[in-house]
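Working notes, beginning with the structure itself.
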Amino acid sequence: MDVLFNQLFSGLSMASILLVIALGLAIIYGSMGVINLAHGEFVMLGAYATWAMQTYFGFSILVALPFVFLAVALVGWIIELVIVRRLYRRPLDTILATWGIGIILQQAVRLGIGAESRFVKGPGILDGNVVIGNVVMSNYRIFVILFSIGVLAATWALMTKTEFGMKLRAVIQNRGISECYGIEASRVYSLTFAYGAGLAGIAGALITPLYSTIPTMGTSLVVDAFLVVIVGGLGSLIGAAAAAVMIGEVTAVFSMVMNDTLGRIAVLGCIILLIRFRPRGLFPETVRR
Amino acid sequence: ESTLHDAAQMAIEEINAAGGVHGMKLEPIVEDPASDPATYADRARRLMIRDKCVSVFGSYTSASRQAVLPVTESRKNLYWYPTLYEGRECSRNVMYGGAVPNQQQDLLIPWALEKFGPRFYMIGNNYVYPKEENNYCKTLLEKLGGTVVNEEYVPLGHSDFASVINRIRAEKPDVIFSTVVGDSDVAFARQYHAAEFDPADMPVVSLTRSEVEVKAIGGEAAAGHYSSAPYFMGHDTPENKKFVEAYQKKYGADAVTHFVNEAAYFQVYQFKAALEKLDPSQITPEAIRDAAVGITLNAPQGEVLIDENLHTHLWPKIGQWQADGQAKVIVDSAERVAPKPYAAYEGQSCTGQGLVKA
Amino acid sequence: MAQLQIQNLHVEFGGLRAVDNLDLTVEEGEILCLLGPNGAGKSTTLDLICGKTQPTGGSIRFQGTELSGLLEYERARCGIGRKFQVPSVYKELTVAENLSVAQSRHPGMWRALFTFGRGDTATQRRVLERVGLAEKAGVKAGNLSHGETQWLEIAMLLTQDSQLILMDEPTAGMTIQETEKTADLFRQLRGSHTLIIVEHDMSFVRRVADRIVVMNRGAKLAEGSVEEIENNAAVKTAYLGH
Amino acid sequence: MTRKLSYDLLAYAAFAAVIFWLVPTLYAYDGFELNTFARYLSLAIVAMALALSWGTAGLLNLGQAATFGIGSYAMAMHLKLRASDGLPDFMGWNNVDTLPWLWVPFESLTFTLLAGLLLPAAVGGIIAIFMFRARIAGVFVAVITLAFLVAFQLLVIEQQGLTGGQNGLTGLAPLNLFGWSVDTYSVGFYYLVAACLMAALTIGIYVSHSKFGLILRAIREDAERTRFFGYNVSSFETMVFCISAALAGWAGMLYTLVLEFASPTYMSVSFSLAIVIWVAVGGRESVIAAAIGAIIVNALEGRLSDVFVEGWNLMLGVTFVLVVIFMPRGLFGLVTYLAGAGSRLRQSRQDSPKTSAPIGSAPHAQGGR
Amino acid sequence: MSILHAENLFSYYGKSPILQDVSFSLKAGEFLSVLGRNGVGKTTLLKTIMGLTDRCEGRLEFDGADISGRSTPERARLGIGYIPQGREIIPRFTVEENIIMGCYARTDGKREIPDYLFEMFPILREFLTRRGGDLSGGQQQQLAIARALAMDPKILILDEPTEGIQPNIVRQIEDAIVHLNRERGLAVILVEQNIPFARKASDRFVVLDKGAVAMAGHKDELTDAVVEKHMTF
Ligand SMILES: Nc1ncnc2c1ncn2[C@@H]1O[C@H](COP(=O)(O)OP(=O)(O)OP(=O)(O)O)[C@@H](O)[C@H]1O
Ligand SMILES: Nc1ncnc2c1ncn2[C@@H]1O[C@H](COP(=O)(O)OP(=O)(O)OP(=O)(O)O)[C@@H](O)[C@H]1O
Ligand SMILES: [Mg+2]
Ligand SMILES: [Mg+2]
């Protein structure tokens, strides 16, 4: 029983990281139809940015977070401006182009910083565990879970409560008419892409104390995050959150009863079935056209 | 893998600076196969066939070695492989510079069992090397009266060990016997540390964790755990001091040496020694191989010898990781240990004639 | 027996009854015009017949066989062809290729796999000449003008040669002359084919209709000949205006 | 005969001339160079197979590597059995002591050759039926096949006793084809692979010019509309997946022969995406263009990695991005565009007095939907 | 002085010129009808004014300044209120959000809905929280006009605002447009097929044919003969 609870907690912690990655991906896909395979590399850049800030300025992860967000958002903004902008609404082409971008970023880091894995120190104040009975929860993972809920809430508020969010939603639904009402669609897109990239950067920063920081670290994450987006329903934040939790927990439970590999295979199988029978995701938008 | 390249490159430059071999300079041709076996195979053929290299050095994973093997064997070339590996291979075209299971475990397992207890939890990546090491470990444990509480494999590159850790927490083994490699090991060690397991009563003893991994893990998280290897950067000999100094001078003060790049380094010297035994006109891969057998060399880890089965006699050690990222050698083998690539399999042995089955 | 028999048909979209207890019979060989205000459910009715939309309830029988439960392509194989309100031709294919696709007497996969080339080009040419697109056979359909696109889709339906042809606003975007030509073409089909035509253009309806059914809010409002309908008070208020 | 068909046949003949005559001559019938080129040719087969489903029917199969891998393992299993007396070595390492039933039929070459084609086709077919019955299309096809690929590769690695796991199948015997022991560095082997590619291209061109291919193109544009003409769209889609998978399996078999081992990395996501890239570079609309794309990218990769040991990957990335942005239809698109421009030029010369092209256009904000 | 002035406009979709050499001009407070058959380029003319076609040549002035190089949002912010054919309501926005969206073109930063809109279209107040996509065609048309008015435009351009609307609502909308022009002094360009309304409401008219101006003049010149010649087929 304790194992199950421990396992469920692990699942939640995995889900929270997936969520932060998937959120960015979901907004980018939902708003501009870009399947951003370079998203994993944004995560990687976030991790390296954290490493750089810690190594050269001595920032702890928590202090570095906002800077990482800005730095990766800036990279995203530039990439949007130079490349992605030309590919709106060509989802299959974006797969190719962003994969190319991914290679470029990965190789740039490999050549510039090196291929070996880098050390980032976790935040000291979050060392230690909360122990309830036999259930042991690491403080840091609890922090990550809470933080990701915060990110979700902030993103939700940004999308629904702010003028920027409304402009974005208007552009998503009808770009042409939005422009006729003074909305600079291309600026909205740039900022959205930058925001999504920034979120990925934050995710990268958050996982540095847990995982190893290497140029290829994003590749496997992006596949999972992408599945989260599709399972959740295109562009739906709540859907992404639900899907992340579901995938995280199902993975955790499966890897408890089987092993990590078989668990992952089983989860992928479930995802395939889910997409097959609910191709529009867990929470599809229903609206009369 | 870049550290292997760096060490070999340094050896080549040292040799060339000292006048080369027979007055000729060694000329390395470098390829970057991006860790992909198919690319490895392709590049290896390019080196062996097109560039007519007499020897190829390098590669880290088992998969890449195996990808290179077909060309090496069919072209009767010579492949210098510096990494520790699972044994059970007896090619006449590969010079094995790393440890095989008996060279790491014969010292380690009895010691760990004695010191921490008999219940072993095996965790490794899912490929041949960990499985083979575990097979050998199990035969040892059987002899010594140890038990295996769990044997578990995670995919290469796996980075979330939460469920492994939960299982460890539930099983409470005495020793975690780890063959997790590379980046997975980094993630594993950090998460293991975050789970607040005490290395004093549940240490990770690893066959694969070297200074490179520890640098990424962070000394704090690695401290207290153990590795078994023929070489540690902190090994205190004049040869090693020279090696480390030269290496850090060339690649920066925070560059580390470890048991694989040490082997990559001394294999170049073995290669040179073999060449020197030959007349320049008769240099062929096979001649180099035959000349190499029996060469002894003062490597940073101690004096190493090339066995006629083309593996290397090495000096096993057990190191305990310290907070500064270095290992303190706490057990040093009293004698050089001969490589027995088929130690786990009765009636089979690798000899100068290749594999012999009883 | 009537060729097409619709009984008690209804469909709901999230609370909205787009088609509500519709009864309709169509005789073999007649031309039936379906009128009604925007949103009356005309297109939806055609969707239900050809299988694009699944009904919530009711029955559709075509030549005695019950259609509900059959997939679109199975219904097409029964002999039902459909022209859509928004002209749907294959924009990336040439006009001739569009007709090749429409030539679907043998729609099986294996048959297609072992048929090399473009099929019966003589028929295609004849149909193209009939609709005046002969010169455009090699043109990509996406480069046709709106009216030409309409003609192409009509040509495709002629090539398909189904017994029951459903036409959704076939003359939208056509000039008066073109509309007249279309009407003549449709009248030639009368007898050999059954047509259900949705149209707003009363002058066209007058030319072709054997019978008119007017729909309003998903249900049948009136039914009869052209004069009967034009003098029907309920139709005047709901649709025609005064 | 349509114009398009005659263009295709022209390209086909030119391509045949290049790989049968020009390439061997250029490489002076050197075994090693031809072996390297044979590698590109076998990859060209898998690329053209992808072009068949992606370019024709618009179904982007990101799982192409899985069917390629099945073919390559089928061949490797046969050769492994040939190479080992009794149990293959790696099975011993995994504590397997009898030959698994799955391996037994691979003793037979005929079975192996058939299995290398039919097994991938069956797997492709099953996935296709599963997806297309539910009318999955567009990006979802890509996602499902991608997820399948990841799961499949994990499974292959997991089942070490059966597949050799991460290391794959190595230490293979040379293929013995009707008494001819195939030396992969021989000119003969090169011609074998080249002939296979030409055969695959023949199939590809036939399919794309048959009515079947036409219907596939119709489906790509508007699957819904096509159903109303009585075509069972899912059966067409399933069939093209099967054909494409079989060709991919075929390519996989050749690839194992060329490289002399089979590895799970042939089933990796990055390999699968690489295939997509080759096709995109060549042009997805034409099987020949896709094949040429594969050859060019791989040859380029070979050359670049020679000259720029470390930076070549970076350059490839840049190339892909540029291709997608500036040549969305690949080399094929470029060629057809140039051809079109040429004929337009000729035309405008003929009737130049009439055309008055407006000069000095002010570029405008791209508007619209 | 003219508020909108076009000179030798050419406008393109891809390579094909849809508008060819169109010139006209409109004074502040004036009402101009654009007439013509289906497909002659009426919508294209309005889109060209908004900068929504692929490419455009010629001179286009708004309030004396050349705007042909400006982007669509910039033009909107100058005060051109566009009510497109087909209305193009944002379906997932509520009625309120749809109107607020109109305010984004305001340069003064105000984000509130002027009251007179609700007086003019009471139904909108009633449906304030409904989703735009759920309204009927006629209601959507009113919403589209309200959205354009929320930006406080200097000129209103409307594309067939009564197309596909029930007759009784058509009357309401027509009245509203006339009211805006007469009482509030808004300049209006109206694309219409409905000749009687054009005659009644406009000061001047332009008839397009095949993308070119076939005729232009005062409303009195819009005789039956002209209609016969240019509008019927
Ligand atoms: N898929 C759908 N989801 C929700 N509502 C729908 C759907 N299809 C149709 N409707 C609604 O059903 C009603 C009937 O639509 P239909 O298209 O049949 O009208 P119509 O009579 O063809 O009108 P028109 O003359 O404008 O073509 C409309 O209110 C429409 O909004
Ligand atoms: N996006 C587009 N791309 C290419 N051609 C277009 C596009 N939109 C319209 N056209 C073409 O431009 C011409 C003029 O179209 P436009 O929409 O301006 O006509 P209109 O006068 O508004 O007609 P209607 O009265 O039917 O609305 C038509 O021939 C049409 O086919
Ligand atoms: Mg309709
Ligand atoms: Mg219009």
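Chain labels run A, B, ... following the order of the structure tokens; each chain numbers its residues from 1, and ligands are numbered from 1 in the order shown.
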
Within 9 Å of ligand 3 (only C-alpha atoms and all ligand atoms), residues as an mmCIF file with N, CA and C atoms, in the first residue's frame:
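Written file, pocket-v6.cif:
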```cif
data_model
loop_
_atom_site.group_PDB
_atom_site.id
_atom_site.type_symbol
_atom_site.label_atom_id
_atom_site.label_comp_id
_atom_site.auth_asym_id
_atom_site.auth_seq_id
_atom_site.Cartn_x
_atom_site.Cartn_y
_atom_site.Cartn_z
ATOM 1 N N ASN C 38 -32.820 30.025 -44.710
ATOM 2 C CA ASN C 38 -31.512 29.609 -44.196
ATOM 3 C C ASN C 38 -31.683 28.861 -42.898
ATOM 4 N N GLY C 39 -30.955 27.798 -42.770
ATOM 5 C CA GLY C 39 -31.004 27.065 -41.515
ATOM 6 C C GLY C 39 -32.233 26.211 -41.356
ATOM 7 N N ALA C 40 -33.006 26.022 -42.427
ATOM 8 C CA ALA C 40 -34.216 25.227 -42.305
ATOM 9 C C ALA C 40 -33.899 23.746 -42.197
ATOM 10 N N GLY C 41 -32.723 23.375 -42.594
ATOM 11 C CA GLY C 41 -32.348 21.972 -42.493
ATOM 12 C C GLY C 41 -32.294 21.265 -43.834
ATOM 13 N N LYS C 42 -32.231 22.021 -44.902
ATOM 14 C CA LYS C 42 -32.215 21.401 -46.229
ATOM 15 C C LYS C 42 -30.915 20.637 -46.456
ATOM 16 N N SER C 43 -29.816 21.334 -46.258
ATOM 17 C CA SER C 43 -28.531 20.657 -46.455
ATOM 18 C C SER C 43 -28.406 19.475 -45.510
ATOM 19 N N THR C 44 -28.882 19.663 -44.298
ATOM 20 C CA THR C 44 -28.791 18.577 -43.336
ATOM 21 C C THR C 44 -29.585 17.363 -43.808
ATOM 22 N N LEU C 46 -30.093 16.464 -46.879
ATOM 23 C CA LEU C 46 -29.259 15.792 -47.874
ATOM 24 C C LEU C 46 -28.117 15.031 -47.189
ATOM 25 N N PHE C 84 -22.192 19.152 -53.233
ATOM 26 C CA PHE C 84 -22.229 19.885 -51.975
ATOM 27 C C PHE C 84 -22.484 21.363 -52.195
ATOM 28 N N GLN C 85 -22.923 21.986 -51.094
ATOM 29 C CA GLN C 85 -23.250 23.412 -51.174
ATOM 30 C C GLN C 85 -22.003 24.242 -51.476
ATOM 31 N N VAL C 86 -20.953 23.970 -50.719
ATOM 32 C CA VAL C 86 -19.673 24.570 -51.044
ATOM 33 C C VAL C 86 -19.051 23.643 -52.080
ATOM 34 N N ASP C 168 -26.992 20.346 -53.962
ATOM 35 C CA ASP C 168 -27.149 21.416 -52.990
ATOM 36 C C ASP C 168 -26.718 22.735 -53.634
ATOM 37 N N GLU C 169 -27.681 23.586 -53.895
ATOM 38 C CA GLU C 169 -27.455 24.892 -54.504
ATOM 39 C C GLU C 169 -26.514 24.834 -55.710
ATOM 40 N N VAL C 198 -31.679 21.401 -53.924
ATOM 41 C CA VAL C 198 -31.888 22.487 -52.973
ATOM 42 C C VAL C 198 -31.529 23.772 -53.692
ATOM 43 N N GLU C 199 -32.427 24.713 -53.731
ATOM 44 C CA GLU C 199 -32.139 25.935 -54.483
ATOM 45 C C GLU C 199 -32.900 27.097 -53.878
#
```

Next on the checklist: If the cut-off is 9 Å, can you tell me the residues of chain B near chain D, counting only C-alpha atoms? I'd like them as JSON, numbers by chain.
Outcome noted: {"B": [30, 31, 32, 33, 34, 36, 37, 38, 41, 42, 43, 45, 46, 49, 50, 61, 62, 63, 64, 65, 66, 67, 69, 70, 71, 88, 126, 127, 128, 131, 132, 135, 153, 155, 156]}

Item to check | Top pick for closest residue to ligand 1, considering E:Gly86, E:Lys210, E:Leu124, E:Lys219 and counting only C-alpha atoms and all ligand atoms | outcome: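 Among the listed residues, E:Gly86 lies closest to ligand 1.
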
Please identify all residues of chain C having at least one atom at most 10 Å from any atom of chain D, considering only C-alpha atoms, and return them as an mmCIF file with N, CA and C atoms, in the first residue's frame.
```
data_model
loop_
_atom_site.group_PDB
_atom_site.id
_atom_site.type_symbol
_atom_site.label_atom_id
_atom_site.label_comp_id
_atom_site.auth_asym_id
_atom_site.auth_seq_id
_atom_site.Cartn_x
_atom_site.Cartn_y
_atom_site.Cartn_z
ATOM 1 N N CYS C 50 -27.251 11.036 -47.688
ATOM 2 C CA CYS C 50 -26.016 10.478 -48.251
ATOM 3 C C CYS C 50 -25.086 9.938 -47.173
ATOM 4 N N GLY C 51 -25.426 10.125 -45.921
ATOM 5 C CA GLY C 51 -24.657 9.484 -44.857
ATOM 6 C C GLY C 51 -23.607 10.376 -44.225
ATOM 7 N N LYS C 52 -23.590 11.643 -44.585
ATOM 8 C CA LYS C 52 -22.603 12.531 -43.975
ATOM 9 C C LYS C 52 -22.926 12.760 -42.503
ATOM 10 N N LEU C 71 -22.486 2.916 -44.355
ATOM 11 C CA LEU C 71 -21.498 3.990 -44.418
ATOM 12 C C LEU C 71 -21.682 4.784 -45.703
ATOM 13 N N GLU C 72 -21.015 5.953 -45.757
ATOM 14 C CA GLU C 72 -21.179 6.824 -46.926
ATOM 15 C C GLU C 72 -20.897 6.089 -48.218
ATOM 16 N N TYR C 73 -19.748 5.364 -48.223
ATOM 17 C CA TYR C 73 -19.371 4.785 -49.507
ATOM 18 C C TYR C 73 -20.319 3.661 -49.896
ATOM 19 N N GLU C 74 -20.897 3.023 -48.884
ATOM 20 C CA GLU C 74 -21.867 1.966 -49.197
ATOM 21 C C GLU C 74 -23.133 2.570 -49.807
ATOM 22 N N ARG C 75 -23.522 3.711 -49.286
ATOM 23 C CA ARG C 75 -24.695 4.381 -49.848
ATOM 24 C C ARG C 75 -24.416 4.834 -51.272
ATOM 25 N N ALA C 76 -23.191 5.349 -51.478
ATOM 26 C CA ALA C 76 -22.834 5.767 -52.826
ATOM 27 C C ALA C 76 -22.911 4.576 -53.765
ATOM 28 N N ARG C 77 -22.481 3.425 -53.279
ATOM 29 C CA ARG C 77 -22.523 2.236 -54.136
ATOM 30 C C ARG C 77 -23.964 1.799 -54.391
ATOM 31 N N CYS C 78 -24.890 2.161 -53.482
ATOM 32 C CA CYS C 78 -26.307 1.865 -53.719
ATOM 33 C C CYS C 78 -26.862 2.717 -54.853
ATOM 34 N N GLY C 79 -26.160 3.807 -55.169
ATOM 35 C CA GLY C 79 -26.636 4.650 -56.263
ATOM 36 C C GLY C 79 -27.073 6.036 -55.819
ATOM 37 N N ILE C 80 -26.383 6.595 -54.836
ATOM 38 C CA ILE C 80 -26.718 7.945 -54.401
ATOM 39 C C ILE C 80 -25.507 8.844 -54.629
ATOM 40 N N GLY C 81 -25.699 9.916 -55.369
ATOM 41 C CA GLY C 81 -24.603 10.858 -55.608
ATOM 42 C C GLY C 81 -24.940 12.188 -54.969
ATOM 43 N N ARG C 82 -23.909 12.973 -54.631
ATOM 44 C CA ARG C 82 -24.168 14.201 -53.897
ATOM 45 C C ARG C 82 -23.291 15.328 -54.396
ATOM 46 N N LYS C 83 -23.912 16.457 -54.643
ATOM 47 C CA LYS C 83 -23.146 17.672 -54.883
ATOM 48 C C LYS C 83 -23.307 18.564 -53.667
ATOM 49 N N PHE C 84 -22.192 19.152 -53.233
ATOM 50 C CA PHE C 84 -22.229 19.885 -51.975
ATOM 51 C C PHE C 84 -22.484 21.363 -52.195
ATOM 52 N N SER C 88 -17.233 21.075 -53.841
ATOM 53 C CA SER C 88 -16.071 20.303 -53.420
ATOM 54 C C SER C 88 -15.542 19.491 -54.583
ATOM 55 N N VAL C 89 -14.560 20.056 -55.214
ATOM 56 C CA VAL C 89 -13.828 19.319 -56.232
ATOM 57 C C VAL C 89 -12.408 19.182 -55.695
ATOM 58 N N TYR C 90 -11.627 18.342 -56.352
ATOM 59 C CA TYR C 90 -10.246 18.175 -55.903
ATOM 60 C C TYR C 90 -9.389 19.239 -56.564
ATOM 61 N N LYS C 91 -9.037 20.248 -55.788
ATOM 62 C CA LYS C 91 -8.383 21.408 -56.362
ATOM 63 C C LYS C 91 -7.012 21.100 -56.926
ATOM 64 N N GLU C 92 -6.347 20.100 -56.350
ATOM 65 C CA GLU C 92 -4.991 19.800 -56.800
ATOM 66 C C GLU C 92 -4.980 18.875 -58.017
ATOM 67 N N LEU C 93 -6.119 18.285 -58.327
ATOM 68 C CA LEU C 93 -6.176 17.403 -59.492
ATOM 69 C C LEU C 93 -6.654 18.200 -60.700
ATOM 70 N N GLU C 97 -8.748 14.517 -64.253
ATOM 71 C CA GLU C 97 -8.534 13.590 -63.132
ATOM 72 C C GLU C 97 -9.724 13.594 -62.185
ATOM 73 N N ASN C 98 -10.301 14.776 -61.995
ATOM 74 C CA ASN C 98 -11.496 14.852 -61.161
ATOM 75 C C ASN C 98 -12.569 13.926 -61.705
ATOM 76 N N SER C 100 -12.074 11.327 -63.589
ATOM 77 C CA SER C 100 -11.615 9.953 -63.409
ATOM 78 C C SER C 100 -12.010 9.432 -62.035
ATOM 79 N N VAL C 101 -11.820 10.279 -61.042
ATOM 80 C CA VAL C 101 -12.190 9.861 -59.691
ATOM 81 C C VAL C 101 -13.694 9.621 -59.621
ATOM 82 N N ALA C 102 -14.424 10.518 -60.274
ATOM 83 C CA ALA C 102 -15.877 10.398 -60.199
ATOM 84 C C ALA C 102 -16.380 9.158 -60.917
ATOM 85 N N GLN C 103 -15.582 8.677 -61.853
ATOM 86 C CA GLN C 103 -15.997 7.500 -62.608
ATOM 87 C C GLN C 103 -15.870 6.274 -61.719
ATOM 88 N N SER C 104 -16.916 6.016 -60.970
ATOM 89 C CA SER C 104 -16.753 5.036 -59.900
ATOM 90 C C SER C 104 -17.755 3.898 -60.013
ATOM 91 N N ARG C 105 -17.917 3.440 -61.212
ATOM 92 C CA ARG C 105 -18.795 2.270 -61.362
ATOM 93 C C ARG C 105 -18.202 1.083 -60.606
ATOM 94 N N HIS C 106 -16.874 0.958 -60.643
ATOM 95 C CA HIS C 106 -16.209 -0.140 -59.931
ATOM 96 C C HIS C 106 -15.296 0.458 -58.880
ATOM 97 N N PRO C 107 -15.840 0.759 -57.718
ATOM 98 C CA PRO C 107 -15.040 1.504 -56.753
ATOM 99 C C PRO C 107 -14.126 0.629 -55.887
ATOM 100 N N GLY C 108 -13.995 -0.645 -56.227
ATOM 101 C CA GLY C 108 -13.207 -1.522 -55.359
ATOM 102 C C GLY C 108 -11.737 -1.157 -55.391
ATOM 103 N N MET C 109 -11.057 -1.515 -54.296
ATOM 104 C CA MET C 109 -9.653 -1.150 -54.163
ATOM 105 C C MET C 109 -8.784 -1.962 -55.109
ATOM 106 N N TRP C 110 -9.038 -3.285 -55.178
ATOM 107 C CA TRP C 110 -8.186 -4.129 -56.018
ATOM 108 C C TRP C 110 -8.328 -3.754 -57.484
ATOM 109 N N ARG C 111 -9.574 -3.502 -57.857
ATOM 110 C CA ARG C 111 -9.823 -3.103 -59.223
ATOM 111 C C ARG C 111 -9.013 -1.855 -59.565
ATOM 112 N N ALA C 112 -9.010 -0.898 -58.629
ATOM 113 C CA ALA C 112 -8.264 0.342 -58.863
ATOM 114 C C ALA C 112 -6.771 0.060 -58.970
ATOM 115 N N LEU C 113 -6.322 -0.868 -58.139
ATOM 116 C CA LEU C 113 -4.888 -1.166 -58.116
ATOM 117 C C LEU C 113 -4.448 -1.748 -59.452
ATOM 118 N N PHE C 114 -5.350 -2.489 -60.098
ATOM 119 C CA PHE C 114 -4.944 -3.102 -61.361
ATOM 120 C C PHE C 114 -5.482 -2.361 -62.579
ATOM 121 N N THR C 115 -5.876 -1.109 -62.356
ATOM 122 C CA THR C 115 -6.263 -0.282 -63.498
ATOM 123 C C THR C 115 -5.192 0.772 -63.693
ATOM 124 N N PHE C 116 -4.534 0.724 -64.817
ATOM 125 C CA PHE C 116 -3.498 1.719 -65.052
ATOM 126 C C PHE C 116 -4.107 2.868 -65.834
ATOM 127 N N GLY C 117 -3.705 4.075 -65.526
ATOM 128 C CA GLY C 117 -4.136 5.213 -66.319
ATOM 129 C C GLY C 117 -5.446 5.805 -65.871
ATOM 130 N N ARG C 118 -6.074 6.517 -66.752
ATOM 131 C CA ARG C 118 -7.130 7.433 -66.363
ATOM 132 C C ARG C 118 -8.547 6.938 -66.617
ATOM 133 N N GLY C 119 -8.738 5.696 -66.974
ATOM 134 C CA GLY C 119 -10.099 5.181 -67.133
ATOM 135 C C GLY C 119 -10.695 5.542 -68.482
ATOM 136 N N GLY C 138 -7.118 19.745 -68.953
ATOM 137 C CA GLY C 138 -5.810 19.600 -68.324
ATOM 138 C C GLY C 138 -5.519 20.619 -67.238
ATOM 139 N N MET C 156 -18.952 15.982 -62.583
ATOM 140 C CA MET C 156 -18.527 14.804 -61.823
ATOM 141 C C MET C 156 -19.737 13.951 -61.470
ATOM 142 N N LEU C 157 -20.834 14.606 -61.108
ATOM 143 C CA LEU C 157 -22.017 13.826 -60.767
ATOM 144 C C LEU C 157 -22.596 13.135 -61.983
ATOM 145 N N GLN C 160 -20.463 10.178 -62.505
ATOM 146 C CA GLN C 160 -20.739 9.156 -61.495
ATOM 147 C C GLN C 160 -22.011 8.394 -61.848
ATOM 148 N N SER C 162 -25.237 8.319 -60.837
ATOM 149 C CA SER C 162 -26.034 7.636 -59.815
ATOM 150 C C SER C 162 -27.512 7.741 -60.148
#
```

Next on the checklist: Taking only C-alpha atoms into account, find every residue of chain A that has an atom no more than 10 Å from chain D, and write it out as an NGL selection string.
Outcome noted: :A and (35 or 83-87 or 91-108 or 110-111 or 174-177 or 179-180 or 219-220 or 223-224 or 226-227 or 230 or 261-262 or 264-269 or 271-280)

Next on the checklist: To test your reading of the structure, identify every residue in range 95-324 of chain D that backbone DSSP assigns to strand (DSSP E or B), and report it as number ranges by chain.
Outcome noted: D: 169, 176-177, 180-181, 210, 262

Checklist entry - Quick one: residues within 9 Å of range 27-36 of chain C, only C-alpha atoms counted, chain neighbours fewer than 6 positions away excluded, as a PyMOL selection string? => result chain C and resi 1-5+42+163-164+186-187+189-200+205+208-217+221+235+238-240

Item to check | Selection: 8 Å around Phe31 in chain E, only C-alpha atoms, excl. self and same-chain fewer than 6 positions, as a ChimeraX atom specification | outcome: /E:181,187-190,201-204

For N, CA, C and O atoms, I'd like the residues from the last selection saved as a CSV table (one decimal), in the first residue's frame.
```csv
chain,number,residue,atom,x,y,z
E,181,ASN,N,-25.1,57.0,-40.5
E,181,ASN,CA,-24.6,58.0,-41.5
E,181,ASN,C,-25.2,59.4,-41.3
E,181,ASN,O,-24.5,60.4,-41.2
E,187,ALA,N,-18.9,58.3,-42.3
E,187,ALA,CA,-18.8,58.0,-43.7
E,187,ALA,C,-19.0,56.5,-43.9
E,187,ALA,O,-18.6,55.7,-43.0
E,188,VAL,N,-19.7,56.1,-44.9
E,188,VAL,CA,-20.1,54.7,-45.1
E,188,VAL,C,-19.8,54.3,-46.5
E,188,VAL,O,-20.1,55.0,-47.5
E,189,ILE,N,-19.1,53.1,-46.7
E,189,ILE,CA,-19.1,52.4,-48.0
E,189,ILE,C,-19.9,51.2,-47.8
E,189,ILE,O,-19.6,50.3,-46.9
E,190,LEU,N,-20.8,51.0,-48.7
E,190,LEU,CA,-21.7,49.8,-48.5
E,190,LEU,C,-21.7,49.0,-49.8
E,190,LEU,O,-21.9,49.6,-50.9
E,201,ALA,N,-30.4,55.0,-49.6
E,201,ALA,CA,-29.5,55.4,-48.5
E,201,ALA,C,-28.3,56.2,-49.0
E,201,ALA,O,-27.8,57.1,-48.3
E,202,SER,N,-27.8,55.9,-50.2
E,202,SER,CA,-26.5,56.5,-50.6
E,202,SER,C,-26.6,57.8,-51.2
E,202,SER,O,-27.6,58.3,-51.7
E,203,ASP,N,-25.4,58.5,-51.1
E,203,ASP,CA,-25.3,59.8,-51.8
E,203,ASP,C,-24.8,59.5,-53.2
E,203,ASP,O,-25.2,60.1,-54.2
E,204,ARG,N,-23.7,58.6,-53.2
E,204,ARG,CA,-23.2,58.4,-54.5
E,204,ARG,C,-23.0,56.9,-54.7
E,204,ARG,O,-23.1,56.1,-53.7
```

Next on the checklist: With 6 Å as the limit and counting only C-alpha atoms, what residues in chain E lie close to chain D? Please list them as a list of chain:residue names.
Outcome noted: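 Filtering chain E at 6 Å from chain D with only C-alpha atoms gives E:Leu52, E:Thr53, E:Asp54, E:Arg55, E:Glu57, E:Ser71.
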